[in-house]
Amino acid sequence: MRAVRLLHTSDVHGELDRLCALLWGPDYGVWVDTGDLQPDVWRDGPAANFERQQAWWADGGVAARVKDALGDRPAVICYGNHDHFEFGGLLGAHHVGPHGCVRVRGLCFAGFADTPLIARGYFPRQRPEPALRALVQAALAQKPDVLVTHAPPAGPWSNRPEWGLPGLAEALSRARGVQAHRTVWP
């Protein structure tokens, strides 16, 4: 299998100029975004943020800028806890979710957007610990080349342990050939 260089972004929160500057870069073959791409004002509540995010995409300008910066490179999207509007189709992106493995450039991408219970009633796709453990096992059972999640493993990868995915660090430590990376916005 030929090596594929990935560009990974997460928690962009509407910083479109910054995102497009990264996407214009020449050194990657697949863009992977693991959630919270869109603008969000937490205190405004989920309905207002859905409307804000829907309006952000409405005139087609955001999607056109992102697609222009991507060129012919494919995108793999995993929504985040601040993503109230599901935008992947506007970009022609491959969506990673509990439905199964997505094949892009010869790689199997699997994962899910679900996160621990952080703020009941606000964030979409929150689950209790047993459900998250089951999602971890189901995603790893697909034997992905790339595991894509919005939340990190619980433990040293997570800024706050309660925001990490229970059971993921343990499962990764038992998996062969798996590397976990923690990335931080500069």
# chains A, B, ... in the order shown; residues from 1 in each chain; ligands from 1
call {"tool": "closest_atom_pairs", "arguments": {"of": "stretch 86-105 of chain A", "to": "stretch 61-72 of chain A", "cutoff": "10 Å", "atoms": "only C-alpha atoms", "output": "CSV"}}
result
residue,atom,partner,partner_atom,distance
A:Phe87,CA,A:Ala63,CA,8.9
A:Gly88,CA,A:Ala63,CA,9.6
A:Gly89,CA,A:Ala63,CA,9.8
A:Leu90,CA,A:Ala63,CA,6.3
A:Leu91,CA,A:Ala63,CA,5.9
A:Gly92,CA,A:Lys67,CA,8.7
A:Ala93,CA,A:Lys67,CA,9.9
call {"tool": "select_by_dssp", "arguments": {"residues": "stretch 28-154 of chain A", "states": "helix (DSSP H, G or I)", "output": "CSV table (one decimal) with N, CA and C atoms, in the first residue's frame"}}
result
chain,number,residue,atom,x,y,z
A,42,TRP,N,-21.8,29.0,22.5
A,42,TRP,CA,-22.4,28.0,23.4
A,42,TRP,C,-23.6,28.6,24.2
A,43,ARG,N,-23.5,29.8,24.7
A,43,ARG,CA,-24.6,30.4,25.5
A,43,ARG,C,-25.9,30.6,24.7
A,44,ASP,N,-25.8,30.6,23.4
A,44,ASP,CA,-27.0,30.9,22.6
A,44,ASP,C,-27.9,29.7,22.5
A,46,PRO,N,-28.7,25.3,21.4
A,46,PRO,CA,-28.6,24.5,20.2
A,46,PRO,C,-29.4,25.0,19.0
A,47,ALA,N,-30.7,25.5,19.2
A,47,ALA,CA,-31.5,25.9,18.1
A,47,ALA,C,-30.8,27.1,17.4
A,48,ALA,N,-30.4,28.1,18.1
A,48,ALA,CA,-29.7,29.3,17.6
A,48,ALA,C,-28.5,28.9,16.8
A,49,ASN,N,-27.7,28.0,17.4
A,49,ASN,CA,-26.5,27.6,16.7
A,49,ASN,C,-26.7,26.7,15.5
A,50,PHE,N,-27.8,25.9,15.5
A,50,PHE,CA,-28.2,25.2,14.2
A,50,PHE,C,-28.4,26.3,13.1
A,51,GLU,N,-29.3,27.3,13.5
A,51,GLU,CA,-29.6,28.3,12.5
A,51,GLU,C,-28.3,29.1,12.1
A,52,ARG,N,-27.5,29.4,13.0
A,52,ARG,CA,-26.2,30.1,12.7
A,52,ARG,C,-25.4,29.3,11.7
A,53,GLN,N,-25.2,28.0,12.0
A,53,GLN,CA,-24.4,27.2,11.2
A,53,GLN,C,-25.0,27.0,9.8
A,54,GLN,N,-26.3,26.8,9.8
A,54,GLN,CA,-27.0,26.6,8.5
A,54,GLN,C,-26.8,27.9,7.6
A,55,ALA,N,-27.0,29.0,8.2
A,55,ALA,CA,-26.8,30.3,7.5
A,55,ALA,C,-25.4,30.5,7.0
A,56,TRP,N,-24.4,30.0,7.8
A,56,TRP,CA,-23.0,30.1,7.4
A,56,TRP,C,-22.7,29.4,6.1
A,57,TRP,N,-23.4,28.3,5.8
A,57,TRP,CA,-23.2,27.5,4.6
A,57,TRP,C,-24.2,28.0,3.5
A,58,ALA,N,-25.2,28.7,3.8
A,58,ALA,CA,-26.4,28.9,2.9
A,58,ALA,C,-26.1,29.5,1.6
A,61,GLY,N,-20.8,30.1,-0.3
A,61,GLY,CA,-19.5,30.7,-0.3
A,61,GLY,C,-18.5,29.9,0.6
A,62,VAL,N,-18.9,29.5,1.7
A,62,VAL,CA,-18.0,28.7,2.6
A,62,VAL,C,-17.6,27.4,1.9
A,63,ALA,N,-18.6,26.7,1.4
A,63,ALA,CA,-18.3,25.4,0.7
A,63,ALA,C,-17.4,25.6,-0.5
A,64,ALA,N,-17.6,26.7,-1.3
A,64,ALA,CA,-16.8,27.0,-2.4
A,64,ALA,C,-15.4,27.3,-2.0
A,65,ARG,N,-15.2,28.0,-1.0
A,65,ARG,CA,-13.8,28.3,-0.5
A,65,ARG,C,-13.1,27.1,-0.1
A,66,VAL,N,-13.8,26.2,0.7
A,66,VAL,CA,-13.1,25.0,1.2
A,66,VAL,C,-12.8,24.1,0.0
A,67,LYS,N,-13.8,23.9,-0.9
A,67,LYS,CA,-13.5,23.0,-2.0
A,67,LYS,C,-12.4,23.5,-3.0
A,68,ASP,N,-12.4,24.8,-3.1
A,68,ASP,CA,-11.3,25.4,-3.9
A,68,ASP,C,-9.9,25.2,-3.3
A,69,ALA,N,-9.8,25.3,-2.0
A,69,ALA,CA,-8.6,25.1,-1.3
A,69,ALA,C,-8.2,23.6,-1.3
A,70,LEU,N,-9.2,22.7,-1.3
A,70,LEU,CA,-8.9,21.3,-1.3
A,70,LEU,C,-8.4,20.8,-2.7
A,88,GLY,N,-21.4,17.8,5.7
A,88,GLY,CA,-20.5,17.0,4.9
A,88,GLY,C,-20.9,16.9,3.4
A,89,GLY,N,-22.2,16.8,3.2
A,89,GLY,CA,-22.6,16.7,1.8
A,89,GLY,C,-22.4,17.9,1.0
A,90,LEU,N,-22.3,19.1,1.6
A,90,LEU,CA,-22.0,20.3,0.9
A,90,LEU,C,-20.6,20.3,0.3
A,91,LEU,N,-19.7,19.5,1.0
A,91,LEU,CA,-18.3,19.5,0.6
A,91,LEU,C,-18.0,18.2,-0.3
A,129,GLU,N,-21.4,6.4,29.3
A,129,GLU,CA,-20.1,5.6,29.2
A,129,GLU,C,-20.3,4.3,28.5
A,130,PRO,N,-21.4,3.5,28.9
A,130,PRO,CA,-21.5,2.1,28.3
A,130,PRO,C,-21.7,2.2,26.8
A,131,ALA,N,-22.5,3.2,26.3
A,131,ALA,CA,-22.7,3.4,24.9
A,131,ALA,C,-21.4,3.7,24.2
A,132,LEU,N,-20.6,4.6,24.8
A,132,LEU,CA,-19.3,5.0,24.2
A,132,LEU,C,-18.3,3.8,24.1
A,133,ARG,N,-18.3,3.0,25.2
A,133,ARG,CA,-17.5,1.8,25.1
A,133,ARG,C,-17.9,0.9,24.0
A,134,ALA,N,-19.2,0.7,23.8
A,134,ALA,CA,-19.7,-0.1,22.7
A,134,ALA,C,-19.3,0.4,21.3
A,135,LEU,N,-19.3,1.8,21.2
A,135,LEU,CA,-18.9,2.4,19.9
A,135,LEU,C,-17.4,2.2,19.7
A,136,VAL,N,-16.6,2.3,20.7
A,136,VAL,CA,-15.2,2.1,20.6
A,136,VAL,C,-14.9,0.7,20.0
A,137,GLN,N,-15.6,-0.3,20.6
A,137,GLN,CA,-15.4,-1.7,20.2
A,137,GLN,C,-15.9,-1.9,18.8
A,138,ALA,N,-17.0,-1.3,18.5
A,138,ALA,CA,-17.6,-1.5,17.1
A,138,ALA,C,-16.7,-0.9,16.1
A,139,ALA,N,-16.1,0.3,16.4
A,139,ALA,CA,-15.2,1.0,15.4
A,139,ALA,C,-13.9,0.2,15.2
A,140,LEU,N,-13.4,-0.3,16.3
A,140,LEU,CA,-12.1,-1.1,16.2
A,140,LEU,C,-12.3,-2.4,15.5
A,141,ALA,N,-13.5,-3.0,15.7
A,141,ALA,CA,-13.8,-4.3,15.0
A,141,ALA,C,-13.8,-4.2,13.5
call {"tool": "select_by_dssp", "arguments": {"residues": "stretch 28-165 of chain A", "states": "strand (DSSP E or B)", "output": "tab-separated table (two decimals) with all heavy atoms, in the first residue's frame"}}
result
chain	number	residue	atom	x	y	z
A	30	VAL	N	-5.17	13.55	1.80
A	30	VAL	CA	-6.54	13.46	2.32
A	30	VAL	C	-6.67	14.43	3.49
A	30	VAL	O	-5.81	14.44	4.38
A	30	VAL	CB	-6.88	12.03	2.81
A	30	VAL	CG1	-8.29	11.97	3.39
A	30	VAL	CG2	-6.73	11.00	1.69
A	31	TRP	N	-7.73	15.22	3.48
A	31	TRP	CA	-8.04	16.09	4.62
A	31	TRP	C	-8.99	15.35	5.53
A	31	TRP	O	-10.02	14.84	5.10
A	31	TRP	CB	-8.66	17.39	4.15
A	31	TRP	CG	-9.21	18.25	5.25
A	31	TRP	CD1	-8.64	18.52	6.46
A	31	TRP	CD2	-10.46	18.95	5.25
A	31	TRP	NE1	-9.45	19.35	7.20
A	31	TRP	CE2	-10.57	19.63	6.48
A	31	TRP	CE3	-11.48	19.07	4.31
A	31	TRP	CZ2	-11.67	20.43	6.80
A	31	TRP	CZ3	-12.58	19.87	4.64
A	31	TRP	CH2	-12.66	20.53	5.87
A	32	VAL	N	-8.66	15.28	6.82
A	32	VAL	CA	-9.50	14.66	7.84
A	32	VAL	C	-9.86	15.73	8.86
A	32	VAL	O	-8.97	16.31	9.50
A	32	VAL	CB	-8.78	13.49	8.54
A	32	VAL	CG1	-9.67	12.88	9.61
A	32	VAL	CG2	-8.34	12.44	7.54
A	33	ASP	N	-11.14	16.02	9.01
A	33	ASP	CA	-11.57	16.97	10.05
A	33	ASP	C	-12.38	16.21	11.09
A	33	ASP	O	-13.33	15.51	10.76
A	33	ASP	CB	-12.43	18.09	9.46
A	33	ASP	CG	-12.78	19.10	10.54
A	33	ASP	OD1	-11.92	19.96	10.84
A	33	ASP	OD2	-13.88	19.00	11.11
A	75	ALA	N	-12.00	14.60	1.25
A	75	ALA	CA	-12.17	14.98	2.65
A	75	ALA	C	-12.91	13.87	3.39
A	75	ALA	O	-13.83	13.25	2.86
A	75	ALA	CB	-12.96	16.28	2.75
A	76	VAL	N	-12.49	13.62	4.64
A	76	VAL	CA	-13.16	12.70	5.54
A	76	VAL	C	-13.59	13.52	6.75
A	76	VAL	O	-12.76	14.19	7.37
A	76	VAL	CB	-12.22	11.54	5.97
A	76	VAL	CG1	-12.91	10.65	6.99
A	76	VAL	CG2	-11.77	10.74	4.76
A	77	ILE	N	-14.87	13.48	7.07
A	77	ILE	CA	-15.44	14.32	8.12
A	77	ILE	C	-16.00	13.46	9.25
A	77	ILE	O	-16.69	12.48	9.01
A	77	ILE	CB	-16.60	15.19	7.56
A	77	ILE	CG1	-16.13	16.08	6.42
A	77	ILE	CG2	-17.27	16.00	8.66
A	77	ILE	CD1	-15.17	17.16	6.80
A	94	HIS	N	-16.57	12.42	2.65
A	94	HIS	CA	-16.89	11.08	3.16
A	94	HIS	C	-17.17	11.25	4.65
A	94	HIS	O	-16.35	11.82	5.37
A	94	HIS	CB	-15.72	10.13	2.94
A	94	HIS	CG	-15.33	10.01	1.51
A	94	HIS	ND1	-15.93	9.11	0.65
A	94	HIS	CD2	-14.41	10.68	0.78
A	94	HIS	CE1	-15.39	9.23	-0.54
A	94	HIS	NE2	-14.47	10.17	-0.50
A	95	HIS	N	-18.29	10.75	5.11
A	95	HIS	CA	-18.67	10.91	6.52
A	95	HIS	C	-18.38	9.64	7.30
A	95	HIS	O	-18.85	8.57	6.93
A	95	HIS	CB	-20.14	11.27	6.63
A	95	HIS	CG	-20.63	11.33	8.03
A	95	HIS	ND1	-21.56	10.46	8.52
A	95	HIS	CD2	-20.30	12.14	9.05
A	95	HIS	CE1	-21.78	10.73	9.79
A	95	HIS	NE2	-21.04	11.75	10.13
A	97	GLY	N	-18.94	7.47	10.52
A	97	GLY	CA	-19.94	7.32	11.56
A	97	GLY	C	-20.12	5.86	11.90
A	97	GLY	O	-19.36	5.00	11.43
A	100	GLY	N	-20.12	2.21	9.41
A	100	GLY	CA	-19.10	1.31	8.87
A	100	GLY	C	-17.89	2.03	8.34
A	100	GLY	O	-17.77	3.24	8.41
A	102	VAL	N	-15.25	3.63	5.82
A	102	VAL	CA	-15.26	4.43	4.60
A	102	VAL	C	-13.89	4.28	3.95
A	102	VAL	O	-12.86	4.52	4.59
A	102	VAL	CB	-15.53	5.92	4.93
A	102	VAL	CG1	-15.38	6.78	3.70
A	102	VAL	CG2	-16.91	6.09	5.54
A	103	ARG	N	-13.86	3.87	2.68
A	103	ARG	CA	-12.58	3.69	1.98
A	103	ARG	C	-12.26	4.92	1.15
A	103	ARG	O	-13.06	5.36	0.32
A	103	ARG	CB	-12.64	2.47	1.07
A	103	ARG	CG	-12.69	1.19	1.86
A	103	ARG	CD	-11.85	0.10	1.22
A	103	ARG	NE	-11.66	-0.97	2.17
A	103	ARG	CZ	-10.60	-1.08	2.97
A	103	ARG	NH1	-9.64	-0.22	2.91
A	103	ARG	NH2	-10.51	-2.08	3.81
A	104	VAL	N	-11.08	5.47	1.41
A	104	VAL	CA	-10.60	6.65	0.71
A	104	VAL	C	-9.12	6.45	0.41
A	104	VAL	O	-8.34	6.20	1.34
A	104	VAL	CB	-10.81	7.94	1.53
A	104	VAL	CG1	-10.27	9.16	0.79
A	104	VAL	CG2	-12.29	8.12	1.88
A	107	LEU	N	-7.37	3.53	2.02
A	107	LEU	CA	-7.37	3.41	3.48
A	107	LEU	C	-8.79	3.25	4.00
A	107	LEU	O	-9.73	3.84	3.47
A	107	LEU	CB	-6.76	4.66	4.12
A	107	LEU	CG	-5.29	4.93	3.85
A	107	LEU	CD1	-4.90	6.29	4.42
A	107	LEU	CD2	-4.43	3.83	4.44
A	108	CYS	N	-8.92	2.46	5.07
A	108	CYS	CA	-10.21	2.30	5.75
A	108	CYS	C	-10.26	3.29	6.91
A	108	CYS	O	-9.44	3.23	7.83
A	108	CYS	CB	-10.35	0.87	6.27
A	108	CYS	SG	-11.75	0.63	7.37
A	109	PHE	N	-11.22	4.22	6.85
A	109	PHE	CA	-11.45	5.18	7.93
A	109	PHE	C	-12.70	4.74	8.68
A	109	PHE	O	-13.74	4.50	8.07
A	109	PHE	CB	-11.70	6.58	7.38
A	109	PHE	CG	-10.50	7.22	6.73
A	109	PHE	CD1	-10.14	6.91	5.43
A	109	PHE	CD2	-9.74	8.14	7.44
A	109	PHE	CE1	-9.05	7.50	4.84
A	109	PHE	CE2	-8.64	8.73	6.85
A	109	PHE	CZ	-8.29	8.42	5.55
A	110	ALA	N	-12.61	4.62	9.99
A	110	ALA	CA	-13.77	4.27	10.81
A	110	ALA	C	-13.74	5.16	12.05
A	110	ALA	O	-12.69	5.67	12.44
A	110	ALA	CB	-13.73	2.80	11.21
A	111	GLY	N	-14.88	5.33	12.65
A	111	GLY	CA	-14.94	6.14	13.87
A	111	GLY	C	-16.34	6.63	14.13
A	111	GLY	O	-17.32	6.13	13.58
A	112	PHE	N	-16.43	7.66	14.98
A	112	PHE	CA	-17.72	8.20	15.38
A	112	PHE	C	-17.54	9.56	16.02
A	112	PHE	O	-16.46	9.90	16.50
A	112	PHE	CB	-18.44	7.24	16.33
A	112	PHE	CG	-17.62	6.86	17.52
A	112	PHE	CD1	-17.67	7.60	18.69
A	112	PHE	CD2	-16.77	5.76	17.48
A	112	PHE	CE1	-16.90	7.25	19.79
A	112	PHE	CE2	-16.00	5.39	18.57
A	112	PHE	CZ	-16.06	6.14	19.73
A	115	THR	N	-19.58	11.84	21.96
A	115	THR	CA	-18.72	12.29	23.05
A	115	THR	C	-19.36	11.95	24.39
A	115	THR	O	-20.56	11.65	24.46
A	115	THR	CB	-18.50	13.81	23.00
A	115	THR	OG1	-19.75	14.48	23.22
A	115	THR	CG2	-17.90	14.25	21.68
A	116	PRO	N	-18.57	12.03	25.47
A	116	PRO	CA	-19.16	11.86	26.80
A	116	PRO	C	-20.19	12.95	27.10
A	116	PRO	O	-20.21	14.00	26.45
A	116	PRO	CB	-17.96	11.99	27.74
A	116	PRO	CG	-16.78	11.67	26.91
A	116	PRO	CD	-17.12	12.17	25.53
A	126	GLN	N	-24.17	13.15	22.33
A	126	GLN	CA	-23.57	12.79	23.61
A	126	GLN	C	-24.12	11.43	24.04
A	126	GLN	O	-25.29	11.13	23.80
A	126	GLN	CB	-23.92	13.82	24.68
A	126	GLN	CG	-23.32	15.18	24.45
A	126	GLN	CD	-23.64	16.09	25.60
A	126	GLN	OE1	-22.82	16.23	26.50
A	126	GLN	NE2	-24.80	16.70	25.59
A	127	ARG	N	-23.26	10.63	24.67
A	127	ARG	CA	-23.67	9.29	25.08
A	127	ARG	C	-23.13	8.98	26.47
A	127	ARG	O	-22.05	9.43	26.85
A	127	ARG	CB	-23.12	8.24	24.11
A	127	ARG	CG	-23.49	8.43	22.67
A	127	ARG	CD	-24.96	8.03	22.41
A	127	ARG	NE	-25.30	8.25	21.03
A	127	ARG	CZ	-25.95	9.32	20.57
A	127	ARG	NH1	-26.32	10.27	21.38
A	127	ARG	NH2	-26.22	9.45	19.28
A	146	VAL	N	-7.31	4.03	9.82
A	146	VAL	CA	-7.36	5.32	10.51
A	146	VAL	C	-8.63	5.36	11.34
A	146	VAL	O	-9.73	5.22	10.81
A	146	VAL	CB	-7.34	6.50	9.52
A	146	VAL	CG1	-7.35	7.83	10.26
A	146	VAL	CG2	-6.15	6.41	8.57
A	147	LEU	N	-8.48	5.54	12.65
A	147	LEU	CA	-9.61	5.68	13.55
A	147	LEU	C	-9.84	7.18	13.76
A	147	LEU	O	-8.92	7.90	14.14
A	147	LEU	CB	-9.35	5.00	14.90
A	147	LEU	CG	-10.47	5.12	15.92
A	147	LEU	CD1	-11.72	4.38	15.46
A	147	LEU	CD2	-10.01	4.60	17.28
A	148	VAL	N	-11.06	7.62	13.50
A	148	VAL	CA	-11.38	9.04	13.53
A	148	VAL	C	-12.48	9.27	14.56
A	148	VAL	O	-13.58	8.74	14.42
A	148	VAL	CB	-11.85	9.50	12.14
A	148	VAL	CG1	-12.17	10.98	12.14
A	148	VAL	CG2	-10.82	9.17	11.07
A	149	THR	N	-12.17	10.05	15.60
A	149	THR	CA	-13.16	10.41	16.62
A	149	THR	C	-13.01	11.88	16.96
A	149	THR	O	-11.94	12.46	16.78
A	149	THR	CB	-12.98	9.59	17.91
A	149	THR	OG1	-11.70	9.88	18.50
A	149	THR	CG2	-13.11	8.10	17.65
A	153	PRO	N	-8.98	9.76	23.46
A	153	PRO	CA	-9.06	8.74	24.51
A	153	PRO	C	-9.02	9.42	25.89
A	153	PRO	O	-8.39	10.46	26.05
A	153	PRO	CB	-7.80	7.89	24.31
A	153	PRO	CG	-7.30	8.24	22.95
A	153	PRO	CD	-7.77	9.61	22.65
A	165	LEU	N	-12.81	9.52	25.72
A	165	LEU	CA	-13.61	8.33	25.44
A	165	LEU	C	-13.17	7.17	26.33
A	165	LEU	O	-12.02	6.73	26.26
A	165	LEU	CB	-13.47	7.93	23.97
A	165	LEU	CG	-14.05	8.94	22.99
A	165	LEU	CD1	-13.67	8.57	21.57
A	165	LEU	CD2	-15.56	9.03	23.14
call {"tool": "atom_distance", "arguments": {"atom1": "atom CA of A:Arg2", "atom2": "atom CA of A:Trp24"}}
result
22.4 Å
call {"tool": "atom_distance", "arguments": {"atom1": "atom CA of A:Trp163", "atom2": "atom CA of A:Pro124"}}
result
14.4 Å
call {"tool": "decode", "arguments": {"residues": "stretch 139-150 of chain A", "atoms": "all heavy atoms", "output": "PDB file, in the first residue's frame"}}
result
ATOM      1  N   ALA A 139     -16.115   0.321  16.366  1.00  0.00           N
ATOM      2  CA  ALA A 139     -15.219   0.996  15.418  1.00  0.00           C
ATOM      3  C   ALA A 139     -13.933   0.201  15.224  1.00  0.00           C
ATOM      4  O   ALA A 139     -13.468   0.004  14.095  1.00  0.00           O
ATOM      5  CB  ALA A 139     -14.911   2.407  15.897  1.00  0.00           C
ATOM      6  N   LEU A 140     -13.360  -0.291  16.301  1.00  0.00           N
ATOM      7  CA  LEU A 140     -12.113  -1.055  16.194  1.00  0.00           C
ATOM      8  C   LEU A 140     -12.332  -2.421  15.548  1.00  0.00           C
ATOM      9  O   LEU A 140     -11.424  -2.957  14.915  1.00  0.00           O
ATOM     10  CB  LEU A 140     -11.452  -1.192  17.562  1.00  0.00           C
ATOM     11  CG  LEU A 140     -10.879   0.113  18.127  1.00  0.00           C
ATOM     12  CD1 LEU A 140     -10.362  -0.099  19.538  1.00  0.00           C
ATOM     13  CD2 LEU A 140      -9.790   0.663  17.220  1.00  0.00           C
ATOM     14  N   ALA A 141     -13.540  -2.970  15.672  1.00  0.00           N
ATOM     15  CA  ALA A 141     -13.843  -4.254  15.037  1.00  0.00           C
ATOM     16  C   ALA A 141     -13.805  -4.150  13.511  1.00  0.00           C
ATOM     17  O   ALA A 141     -13.627  -5.155  12.826  1.00  0.00           O
ATOM     18  CB  ALA A 141     -15.216  -4.752  15.489  1.00  0.00           C
ATOM     19  N   GLN A 142     -13.919  -2.953  12.981  1.00  0.00           N
ATOM     20  CA  GLN A 142     -13.836  -2.747  11.540  1.00  0.00           C
ATOM     21  C   GLN A 142     -12.386  -2.779  11.035  1.00  0.00           C
ATOM     22  O   GLN A 142     -12.164  -2.695   9.839  1.00  0.00           O
ATOM     23  CB  GLN A 142     -14.487  -1.409  11.168  1.00  0.00           C
ATOM     24  CG  GLN A 142     -15.965  -1.386  11.479  1.00  0.00           C
ATOM     25  CD  GLN A 142     -16.552  -0.013  11.268  1.00  0.00           C
ATOM     26  OE1 GLN A 142     -16.381   0.585  10.212  1.00  0.00           O
ATOM     27  NE2 GLN A 142     -17.243   0.499  12.267  1.00  0.00           N
ATOM     28  N   LYS A 143     -11.446  -2.883  11.984  1.00  0.00           N
ATOM     29  CA  LYS A 143     -10.019  -2.937  11.661  1.00  0.00           C
ATOM     30  C   LYS A 143      -9.601  -1.769  10.760  1.00  0.00           C
ATOM     31  O   LYS A 143      -9.049  -1.956   9.668  1.00  0.00           O
ATOM     32  CB  LYS A 143      -9.648  -4.266  11.035  1.00  0.00           C
ATOM     33  CG  LYS A 143      -9.954  -5.448  11.947  1.00  0.00           C
ATOM     34  CD  LYS A 143      -9.316  -6.712  11.451  1.00  0.00           C
ATOM     35  CE  LYS A 143      -9.655  -7.917  12.282  1.00  0.00           C
ATOM     36  NZ  LYS A 143      -9.759  -7.812  13.679  1.00  0.00           N
ATOM     37  N   PRO A 144      -9.849  -0.545  11.238  1.00  0.00           N
ATOM     38  CA  PRO A 144      -9.544   0.613  10.401  1.00  0.00           C
ATOM     39  C   PRO A 144      -8.042   0.868  10.282  1.00  0.00           C
ATOM     40  O   PRO A 144      -7.273   0.550  11.196  1.00  0.00           O
ATOM     41  CB  PRO A 144     -10.215   1.770  11.150  1.00  0.00           C
ATOM     42  CG  PRO A 144     -10.163   1.335  12.581  1.00  0.00           C
ATOM     43  CD  PRO A 144     -10.386  -0.165  12.543  1.00  0.00           C
ATOM     44  N   ASP A 145      -7.671   1.448   9.172  1.00  0.00           N
ATOM     45  CA  ASP A 145      -6.312   1.971   9.042  1.00  0.00           C
ATOM     46  C   ASP A 145      -6.205   3.282   9.805  1.00  0.00           C
ATOM     47  O   ASP A 145      -5.156   3.615  10.350  1.00  0.00           O
ATOM     48  CB  ASP A 145      -5.976   2.221   7.560  1.00  0.00           C
ATOM     49  CG  ASP A 145      -5.997   0.938   6.759  1.00  0.00           C
ATOM     50  OD1 ASP A 145      -5.286  -0.004   7.142  1.00  0.00           O
ATOM     51  OD2 ASP A 145      -6.740   0.877   5.760  1.00  0.00           O
ATOM     52  N   VAL A 146      -7.306   4.034   9.816  1.00  0.00           N
ATOM     53  CA  VAL A 146      -7.358   5.319  10.513  1.00  0.00           C
ATOM     54  C   VAL A 146      -8.632   5.359  11.341  1.00  0.00           C
ATOM     55  O   VAL A 146      -9.732   5.221  10.806  1.00  0.00           O
ATOM     56  CB  VAL A 146      -7.342   6.504   9.515  1.00  0.00           C
ATOM     57  CG1 VAL A 146      -7.348   7.830  10.262  1.00  0.00           C
ATOM     58  CG2 VAL A 146      -6.151   6.414   8.573  1.00  0.00           C
ATOM     59  N   LEU A 147      -8.477   5.537  12.652  1.00  0.00           N
ATOM     60  CA  LEU A 147      -9.613   5.684  13.554  1.00  0.00           C
ATOM     61  C   LEU A 147      -9.841   7.180  13.760  1.00  0.00           C
ATOM     62  O   LEU A 147      -8.917   7.905  14.138  1.00  0.00           O
ATOM     63  CB  LEU A 147      -9.353   5.000  14.897  1.00  0.00           C
ATOM     64  CG  LEU A 147     -10.471   5.124  15.924  1.00  0.00           C
ATOM     65  CD1 LEU A 147     -11.716   4.384  15.459  1.00  0.00           C
ATOM     66  CD2 LEU A 147     -10.013   4.598  17.279  1.00  0.00           C
ATOM     67  N   VAL A 148     -11.059   7.620  13.500  1.00  0.00           N
ATOM     68  CA  VAL A 148     -11.382   9.039  13.533  1.00  0.00           C
ATOM     69  C   VAL A 148     -12.476   9.271  14.565  1.00  0.00           C
ATOM     70  O   VAL A 148     -13.579   8.742  14.422  1.00  0.00           O
ATOM     71  CB  VAL A 148     -11.854   9.504  12.136  1.00  0.00           C
ATOM     72  CG1 VAL A 148     -12.172  10.982  12.138  1.00  0.00           C
ATOM     73  CG2 VAL A 148     -10.825   9.169  11.074  1.00  0.00           C
ATOM     74  N   THR A 149     -12.169  10.049  15.604  1.00  0.00           N
ATOM     75  CA  THR A 149     -13.161  10.405  16.618  1.00  0.00           C
ATOM     76  C   THR A 149     -13.005  11.881  16.956  1.00  0.00           C
ATOM     77  O   THR A 149     -11.939  12.458  16.779  1.00  0.00           O
ATOM     78  CB  THR A 149     -12.979   9.587  17.913  1.00  0.00           C
ATOM     79  OG1 THR A 149     -11.705   9.876  18.497  1.00  0.00           O
ATOM     80  CG2 THR A 149     -13.113   8.098  17.649  1.00  0.00           C
ATOM     81  N   HIS A 150     -14.086  12.474  17.440  1.00  0.00           N
ATOM     82  CA  HIS A 150     -13.968  13.873  17.877  1.00  0.00           C
ATOM     83  C   HIS A 150     -13.294  13.934  19.243  1.00  0.00           C
ATOM     84  O   HIS A 150     -12.381  14.714  19.446  1.00  0.00           O
ATOM     85  CB  HIS A 150     -15.335  14.563  17.924  1.00  0.00           C
ATOM     86  CG  HIS A 150     -15.228  15.969  18.416  1.00  0.00           C
ATOM     87  ND1 HIS A 150     -14.499  16.935  17.743  1.00  0.00           N
ATOM     88  CD2 HIS A 150     -15.708  16.569  19.520  1.00  0.00           C
ATOM     89  CE1 HIS A 150     -14.555  18.068  18.418  1.00  0.00           C
ATOM     90  NE2 HIS A 150     -15.284  17.873  19.493  1.00  0.00           N
TER      91      HIS A 150
END
